[in-house]
Amino acid sequence: MDYAYTDDEIRFRDEVRAFLAKEWGPPDPVAGRDVHDAERERGFMSKVASRGWLTMGWPEEYGGTSFSPMERYILSQEMNRAGAPFPLYNVNVLGPLLIKFASDEAKSELLPRMRAGALKFVLGYTEPETGSDLASLRTRAERQGDGYVINGQKLYGLPHPADGDIIFLAARTDPDAPIRKGISIFLIDSSAEGVTVTQNRTLGGSHVGATYYDNVYVPASRRLGEENEGWRYIRECMDLDRVSGIPYAHFPVLFEMLVAFAAGHERDGRRLADEPWVIDRIGRLAIEVEAAQLLQEMMACKVYAGAEVHAESSIIKAYCTELESRLTEFGRELVGELAALTTEAGVDEFIGRLNFLSRLNVAMTIVGGTNEIQRNIIALQGLGLPRG
Ligand SMILES: Cc1cc2nc3c(=O)[nH]c(=O)nc-3n(C[C@H](O)[C@H](O)[C@H](O)COP(=O)(O)OP(=O)(O)OC[C@H]3O[C@@H](n4cnc5c(N)ncnc54)[C@H](O)[C@@H]3O)c2cc1C
């Protein structure tokens with residue numbers, strides 16, 4: 001298989017890079033992941049939308065634009081490399097899912113806002129007692145007249161009611177059915193009456209929330225697809241997400257920052273880049289960063305060529321989130337004890353960013369299914385090992 005980009009793909013990549021340099025700023029592994037500047041993001045997103053990049057791969061009648069699958073991959077990589085916000089999950093997963101299964105009413109209300117980059121979704125899956133074992137969720141949706149009444153609690157997804165977010169909520173509609181059979185999906189306004197949101201600051205510095213549903217009424221038109229078929233849509237999301245993946249194109253940028261730091265700083269009168277332990281680590285990490293890039297390109301080529309993929313996205317998730325930890329750990333060792341300080345403590349910007357990333361890494365090994373769960377998938381689906 002030839003993983004090299006074609007001339008047209010290189011032209012597209014350069015066009016995206018030029019757009020990002022003008023509209024967002026220089027590549028930065030932290031920019032879009034640190035403090036969110038809602039106004040800046042909104043302005044940027046409307047420029048992304050005007051290029052038709054938020055509907056890549058959607059059917060034409062819903063405003064879909066004709067970019068090749070490889071161009072979609074390149075766009076998500078470049079957005080990630082630049083540290084720019086990009087609603088990859090909306091474009092690749094939720095948009096296509098809504099087009100396929102949402103009611104006409106929900107489609108005409110939500111899709112135009114998605115196309116314009118003006119709608120954020122949060123996933124309402126996890127509950128206090130339900131994370132990896134998602135099918136055992138307890139939040140209830142009971143039929144009442146033309147709609148449903150929701151009661152329960154979700155963890156993590158953080159809606160911003162002022163932005164008019166939508167919660168993609170999994171709730172139990174039939175408590176007597178086998179656990180995977182009695183779940184339905186609802187598209188709930190985070191500002192709906194009865195929804196309460198609380199915020200918790202994570203070790204990584206970002207905020208996650210808890211949402212509480214106290215007799216929240218949702219019309220049946222906001223149910224996705226069929227009642228009690230929610231597990232099927234959750235699986236479809238996972239399949240589409242496998243294609244979409246989480247891009248890790250910021251690793252080469254981070255790696256170059258680490259090498260530049262080693263080349264430009266001394267310890268005990270010796271340049272860090274001349275120390276044998278630094279040379280050894282740089283060599284190892286250079287190989288791993290290259291391997292991460294190749295893994296993502298191999299997966300993209302396979303998926304877009306229609307080949308079957310099994311455990312690849314789990315391999316990429318586990319490998320890349322743990323590689324980011326190794327990169328930031330190396331950075332902390334280069335910096336020394338100052339690496340324990342955050343930007344708020346007034347340290348050099350590079351050190352503050354490293355500190356932020358090393359705290360964020362912990363969350364990234366958990367978000368979207370923990371790395372232990374990814375390893376189970378690799379063992380079962382990738383290697384065909386028996387269930388333990
Ligand atoms: C920053 C952040 C953002 C998040 N955002 C969202 C969001 O927007 N929406 C949402 O719904 N959820 C979100 N989550 C939740 C996330 O999906 C869950 O935390 C994750 O699935 C793990 O579930 P849990 O926390 O209940 O841990 P548990 O499932 O209780 O797991 C605890 C530990 O046991 C291990 N474990 C569990 N089962 C197995 C098994 N079968 N084999 C081996 N090990 C196992 C796990 O790996 C973990 O180490 C977010 C989480 C974080 C940290």
# chains A, B, ... in the order shown; residues from 1 in each chain; ligands from 1
call {"tool": "residues_near_ligand", "arguments": {"ligand": "ligand 1", "cutoff": "7 Å", "atoms": "only C-alpha atoms and all ligand atoms", "output": "PyMOL selection string"}}
result
chain A and resi 122-126+128-133+155-158+208+363-364+366-373+376
call {"tool": "select_by_dssp", "arguments": {"residues": "stretch 46-243 of chain A", "states": "helix (DSSP H, G or I)", "output": "PyMOL selection string"}}
result
chain A and resi 46-50+60-62+69-82+88-101+104-115+134-136+161-163+220-222+230-243
call {"tool": "residues_around", "arguments": {"residues": "stretch 227-241 of chain A", "least_positions_apart": "6", "cutoff": "9 Å", "atoms": "only C-alpha atoms", "output": "list of chain:residue names"}}
result
A:Tyr89, A:Asn92, A:Val93, A:Leu94, A:Pro96, A:Leu97, A:Phe101, A:Ala135, A:Ala170, A:Ala171, A:Arg172, A:Thr173, A:Asp174, A:Ala177, A:Arg180, A:Lys181, A:Gly182, A:Ile183, A:Ser184, A:Ile185, A:Phe186, A:Ser313
call {"tool": "write_last_selection", "arguments": {"atoms": "C-alpha atoms", "output": "short mmCIF file (atom, residue, chain, number, x, y, z; two decimals), in the first residue's frame"}}
result
data_model
loop_
_atom_site.label_atom_id
_atom_site.label_comp_id
_atom_site.auth_asym_id
_atom_site.auth_seq_id
_atom_site.Cartn_x
_atom_site.Cartn_y
_atom_site.Cartn_z
CA TYR A 89 -17.47 14.35 15.80
CA ASN A 92 -18.06 12.62 10.74
CA VAL A 93 -20.41 11.01 13.23
CA LEU A 94 -23.39 13.05 14.43
CA PRO A 96 -24.43 11.54 9.15
CA LEU A 97 -26.31 9.84 12.01
CA PHE A 101 -32.25 8.62 11.70
CA ALA A 135 -25.34 -0.67 28.60
CA ALA A 170 -28.86 7.73 26.15
CA ALA A 171 -31.78 6.83 28.44
CA ARG A 172 -33.66 3.66 29.36
CA THR A 173 -37.11 3.49 27.82
CA ASP A 174 -37.87 -0.14 28.70
CA ALA A 177 -36.09 -5.51 28.40
CA ARG A 180 -29.12 -3.51 25.37
CA LYS A 181 -32.71 -3.62 24.11
CA GLY A 182 -34.41 -0.98 26.27
CA ILE A 183 -32.30 2.12 25.49
CA SER A 184 -33.30 5.13 23.35
CA ILE A 185 -31.37 8.22 22.25
CA PHE A 186 -32.72 11.75 22.71
CA SER A 313 -8.57 2.52 16.11
#
call {"tool": "residues_around", "arguments": {"residues": "A:Pro29", "least_positions_apart": "4", "cutoff": "10 Å", "atoms": "only C-alpha atoms", "output": "ChimeraX atom specification"}}
result
/A:33-34,80-84,248-255,257,353-354,357
call {"tool": "closest_residue", "arguments": {"among": "A:Thr198, A:Asn215, A:Asn355, A:Asn90", "to": "A:Val149", "atoms": "only C-alpha atoms"}}
result
A:Asn215
call {"tool": "decode", "arguments": {"residues": "stretch 328-376 of chain A", "atoms": "N, CA and C atoms", "output": "PDB file, in the first residue's frame"}}
result
ATOM      1  N   THR A 328       5.571  14.225  26.925  1.00  0.00           N
ATOM      2  CA  THR A 328       5.537  15.289  27.936  1.00  0.00           C
ATOM      3  C   THR A 328       6.415  14.923  29.133  1.00  0.00           C
ATOM      4  N   GLU A 329       6.536  13.633  29.420  1.00  0.00           N
ATOM      5  CA  GLU A 329       7.414  13.213  30.528  1.00  0.00           C
ATOM      6  C   GLU A 329       8.864  13.580  30.193  1.00  0.00           C
ATOM      7  N   PHE A 330       9.243  13.339  28.934  1.00  0.00           N
ATOM      8  CA  PHE A 330      10.590  13.724  28.491  1.00  0.00           C
ATOM      9  C   PHE A 330      10.758  15.239  28.628  1.00  0.00           C
ATOM     10  N   GLY A 331       9.733  15.978  28.232  1.00  0.00           N
ATOM     11  CA  GLY A 331       9.784  17.441  28.352  1.00  0.00           C
ATOM     12  C   GLY A 331       9.993  17.865  29.801  1.00  0.00           C
ATOM     13  N   ARG A 332       9.262  17.212  30.698  1.00  0.00           N
ATOM     14  CA  ARG A 332       9.394  17.570  32.128  1.00  0.00           C
ATOM     15  C   ARG A 332      10.799  17.289  32.636  1.00  0.00           C
ATOM     16  N   GLU A 333      11.392  16.172  32.160  1.00  0.00           N
ATOM     17  CA  GLU A 333      12.757  15.855  32.591  1.00  0.00           C
ATOM     18  C   GLU A 333      13.750  16.879  32.048  1.00  0.00           C
ATOM     19  N   LEU A 334      13.503  17.357  30.826  1.00  0.00           N
ATOM     20  CA  LEU A 334      14.390  18.388  30.247  1.00  0.00           C
ATOM     21  C   LEU A 334      14.316  19.672  31.065  1.00  0.00           C
ATOM     22  N   VAL A 335      13.089  20.026  31.439  1.00  0.00           N
ATOM     23  CA  VAL A 335      12.873  21.301  32.127  1.00  0.00           C
ATOM     24  C   VAL A 335      13.346  21.237  33.575  1.00  0.00           C
ATOM     25  N   GLY A 336      13.202  20.062  34.201  1.00  0.00           N
ATOM     26  CA  GLY A 336      13.577  19.934  35.612  1.00  0.00           C
ATOM     27  C   GLY A 336      12.431  20.341  36.515  1.00  0.00           C
ATOM     28  N   GLU A 337      12.768  20.784  37.733  1.00  0.00           N
ATOM     29  CA  GLU A 337      11.712  20.970  38.730  1.00  0.00           C
ATOM     30  C   GLU A 337      10.695  22.058  38.382  1.00  0.00           C
ATOM     31  N   LEU A 338      11.086  23.017  37.535  1.00  0.00           N
ATOM     32  CA  LEU A 338      10.132  24.078  37.151  1.00  0.00           C
ATOM     33  C   LEU A 338       8.918  23.510  36.410  1.00  0.00           C
ATOM     34  N   ALA A 339       9.076  22.293  35.880  1.00  0.00           N
ATOM     35  CA  ALA A 339       7.978  21.680  35.108  1.00  0.00           C
ATOM     36  C   ALA A 339       6.740  21.451  35.966  1.00  0.00           C
ATOM     37  N   ALA A 340       6.900  21.525  37.285  1.00  0.00           N
ATOM     38  CA  ALA A 340       5.736  21.326  38.164  1.00  0.00           C
ATOM     39  C   ALA A 340       4.848  22.563  38.193  1.00  0.00           C
ATOM     40  N   LEU A 341       5.306  23.669  37.586  1.00  0.00           N
ATOM     41  CA  LEU A 341       4.547  24.922  37.690  1.00  0.00           C
ATOM     42  C   LEU A 341       3.654  25.156  36.467  1.00  0.00           C
ATOM     43  N   THR A 342       2.548  25.836  36.722  1.00  0.00           N
ATOM     44  CA  THR A 342       1.602  26.134  35.644  1.00  0.00           C
ATOM     45  C   THR A 342       1.837  27.562  35.124  1.00  0.00           C
ATOM     46  N   THR A 343       1.156  27.870  34.020  1.00  0.00           N
ATOM     47  CA  THR A 343       1.275  29.219  33.436  1.00  0.00           C
ATOM     48  C   THR A 343       0.890  30.284  34.461  1.00  0.00           C
ATOM     49  N   GLU A 344      -0.140  29.955  35.280  1.00  0.00           N
ATOM     50  CA  GLU A 344      -0.590  30.942  36.272  1.00  0.00           C
ATOM     51  C   GLU A 344       0.533  31.293  37.257  1.00  0.00           C
ATOM     52  N   ALA A 345       1.490  30.371  37.428  1.00  0.00           N
ATOM     53  CA  ALA A 345       2.594  30.636  38.373  1.00  0.00           C
ATOM     54  C   ALA A 345       3.649  31.533  37.729  1.00  0.00           C
ATOM     55  N   GLY A 346       3.442  31.908  36.475  1.00  0.00           N
ATOM     56  CA  GLY A 346       4.323  32.877  35.828  1.00  0.00           C
ATOM     57  C   GLY A 346       5.536  32.266  35.149  1.00  0.00           C
ATOM     58  N   VAL A 347       5.542  30.934  34.930  1.00  0.00           N
ATOM     59  CA  VAL A 347       6.696  30.330  34.246  1.00  0.00           C
ATOM     60  C   VAL A 347       6.653  30.632  32.751  1.00  0.00           C
ATOM     61  N   ASP A 348       7.769  30.387  32.107  1.00  0.00           N
ATOM     62  CA  ASP A 348       7.914  30.513  30.664  1.00  0.00           C
ATOM     63  C   ASP A 348       6.747  29.790  29.956  1.00  0.00           C
ATOM     64  N   GLU A 349       6.286  30.359  28.836  1.00  0.00           N
ATOM     65  CA  GLU A 349       5.097  29.818  28.167  1.00  0.00           C
ATOM     66  C   GLU A 349       5.256  28.338  27.803  1.00  0.00           C
ATOM     67  N   PHE A 350       6.435  27.978  27.311  1.00  0.00           N
ATOM     68  CA  PHE A 350       6.672  26.581  26.908  1.00  0.00           C
ATOM     69  C   PHE A 350       6.474  25.639  28.100  1.00  0.00           C
ATOM     70  N   ILE A 351       7.022  26.044  29.250  1.00  0.00           N
ATOM     71  CA  ILE A 351       6.938  25.198  30.445  1.00  0.00           C
ATOM     72  C   ILE A 351       5.481  25.074  30.900  1.00  0.00           C
ATOM     73  N   GLY A 352       4.763  26.184  30.860  1.00  0.00           N
ATOM     74  CA  GLY A 352       3.353  26.156  31.250  1.00  0.00           C
ATOM     75  C   GLY A 352       2.552  25.228  30.350  1.00  0.00           C
ATOM     76  N   ARG A 353       2.867  25.257  29.077  1.00  0.00           N
ATOM     77  CA  ARG A 353       2.129  24.413  28.127  1.00  0.00           C
ATOM     78  C   ARG A 353       2.422  22.939  28.360  1.00  0.00           C
ATOM     79  N   LEU A 354       3.676  22.667  28.653  1.00  0.00           N
ATOM     80  CA  LEU A 354       4.087  21.291  28.928  1.00  0.00           C
ATOM     81  C   LEU A 354       3.362  20.775  30.167  1.00  0.00           C
ATOM     82  N   ASN A 355       3.295  21.627  31.160  1.00  0.00           N
ATOM     83  CA  ASN A 355       2.616  21.268  32.396  1.00  0.00           C
ATOM     84  C   ASN A 355       1.144  20.952  32.098  1.00  0.00           C
ATOM     85  N   PHE A 356       0.507  21.822  31.292  1.00  0.00           N
ATOM     86  CA  PHE A 356      -0.905  21.619  30.936  1.00  0.00           C
ATOM     87  C   PHE A 356      -1.079  20.279  30.199  1.00  0.00           C
ATOM     88  N   LEU A 357      -0.198  20.035  29.204  1.00  0.00           N
ATOM     89  CA  LEU A 357      -0.333  18.808  28.409  1.00  0.00           C
ATOM     90  C   LEU A 357      -0.138  17.558  29.256  1.00  0.00           C
ATOM     91  N   SER A 358       0.836  17.611  30.184  1.00  0.00           N
ATOM     92  CA  SER A 358       1.093  16.397  30.957  1.00  0.00           C
ATOM     93  C   SER A 358      -0.080  16.086  31.882  1.00  0.00           C
ATOM     94  N   ARG A 359      -0.831  17.111  32.299  1.00  0.00           N
ATOM     95  CA  ARG A 359      -2.029  16.836  33.111  1.00  0.00           C
ATOM     96  C   ARG A 359      -3.180  16.363  32.231  1.00  0.00           C
ATOM     97  N   LEU A 360      -3.250  16.937  31.017  1.00  0.00           N
ATOM     98  CA  LEU A 360      -4.331  16.556  30.096  1.00  0.00           C
ATOM     99  C   LEU A 360      -4.196  15.090  29.650  1.00  0.00           C
ATOM    100  N   ASN A 361      -2.942  14.639  29.495  1.00  0.00           N
ATOM    101  CA  ASN A 361      -2.701  13.253  29.034  1.00  0.00           C
ATOM    102  C   ASN A 361      -3.473  12.227  29.837  1.00  0.00           C
ATOM    103  N   VAL A 362      -3.531  12.465  31.159  1.00  0.00           N
ATOM    104  CA  VAL A 362      -4.183  11.484  32.033  1.00  0.00           C
ATOM    105  C   VAL A 362      -5.626  11.296  31.573  1.00  0.00           C
ATOM    106  N   ALA A 363      -6.311  12.426  31.309  1.00  0.00           N
ATOM    107  CA  ALA A 363      -7.714  12.346  30.875  1.00  0.00           C
ATOM    108  C   ALA A 363      -7.824  11.667  29.513  1.00  0.00           C
ATOM    109  N   MET A 364      -6.855  11.924  28.630  1.00  0.00           N
ATOM    110  CA  MET A 364      -6.967  11.383  27.272  1.00  0.00           C
ATOM    111  C   MET A 364      -6.880   9.848  27.243  1.00  0.00           C
ATOM    112  N   THR A 365      -6.264   9.250  28.276  1.00  0.00           N
ATOM    113  CA  THR A 365      -6.222   7.780  28.314  1.00  0.00           C
ATOM    114  C   THR A 365      -7.562   7.200  28.799  1.00  0.00           C
ATOM    115  N   ILE A 366      -8.468   8.076  29.239  1.00  0.00           N
ATOM    116  CA  ILE A 366      -9.773   7.628  29.764  1.00  0.00           C
ATOM    117  C   ILE A 366     -10.922   7.977  28.802  1.00  0.00           C
ATOM    118  N   VAL A 367     -10.873   9.210  28.247  1.00  0.00           N
ATOM    119  CA  VAL A 367     -11.951   9.692  27.373  1.00  0.00           C
ATOM    120  C   VAL A 367     -12.180   8.721  26.200  1.00  0.00           C
ATOM    121  N   GLY A 368     -13.443   8.485  25.884  1.00  0.00           N
ATOM    122  CA  GLY A 368     -13.767   7.657  24.709  1.00  0.00           C
ATOM    123  C   GLY A 368     -13.457   6.184  24.916  1.00  0.00           C
ATOM    124  N   GLY A 369     -13.421   5.744  26.170  1.00  0.00           N
ATOM    125  CA  GLY A 369     -13.108   4.330  26.465  1.00  0.00           C
ATOM    126  C   GLY A 369     -11.680   4.231  26.967  1.00  0.00           C
ATOM    127  N   THR A 370     -11.506   3.702  28.181  1.00  0.00           N
ATOM    128  CA  THR A 370     -10.155   3.691  28.788  1.00  0.00           C
ATOM    129  C   THR A 370      -9.205   2.803  27.976  1.00  0.00           C
ATOM    130  N   ASN A 371      -7.915   3.009  28.212  1.00  0.00           N
ATOM    131  CA  ASN A 371      -6.944   2.210  27.463  1.00  0.00           C
ATOM    132  C   ASN A 371      -6.981   0.727  27.851  1.00  0.00           C
ATOM    133  N   GLU A 372      -7.494   0.423  29.063  1.00  0.00           N
ATOM    134  CA  GLU A 372      -7.666  -0.997  29.417  1.00  0.00           C
ATOM    135  C   GLU A 372      -8.742  -1.606  28.503  1.00  0.00           C
ATOM    136  N   ILE A 373      -9.818  -0.852  28.302  1.00  0.00           N
ATOM    137  CA  ILE A 373     -10.888  -1.335  27.418  1.00  0.00           C
ATOM    138  C   ILE A 373     -10.360  -1.457  25.982  1.00  0.00           C
ATOM    139  N   GLN A 374      -9.532  -0.486  25.551  1.00  0.00           N
ATOM    140  CA  GLN A 374      -8.938  -0.570  24.197  1.00  0.00           C
ATOM    141  C   GLN A 374      -8.101  -1.839  24.080  1.00  0.00           C
ATOM    142  N   ARG A 375      -7.377  -2.174  25.141  1.00  0.00           N
ATOM    143  CA  ARG A 375      -6.528  -3.390  25.098  1.00  0.00           C
ATOM    144  C   ARG A 375      -7.403  -4.650  25.030  1.00  0.00           C
ATOM    145  N   ASN A 376      -8.549  -4.617  25.719  1.00  0.00           N
ATOM    146  CA  ASN A 376      -9.481  -5.755  25.604  1.00  0.00           C
ATOM    147  C   ASN A 376      -9.922  -5.917  24.150  1.00  0.00           C
TER     148      ASN A 376
END
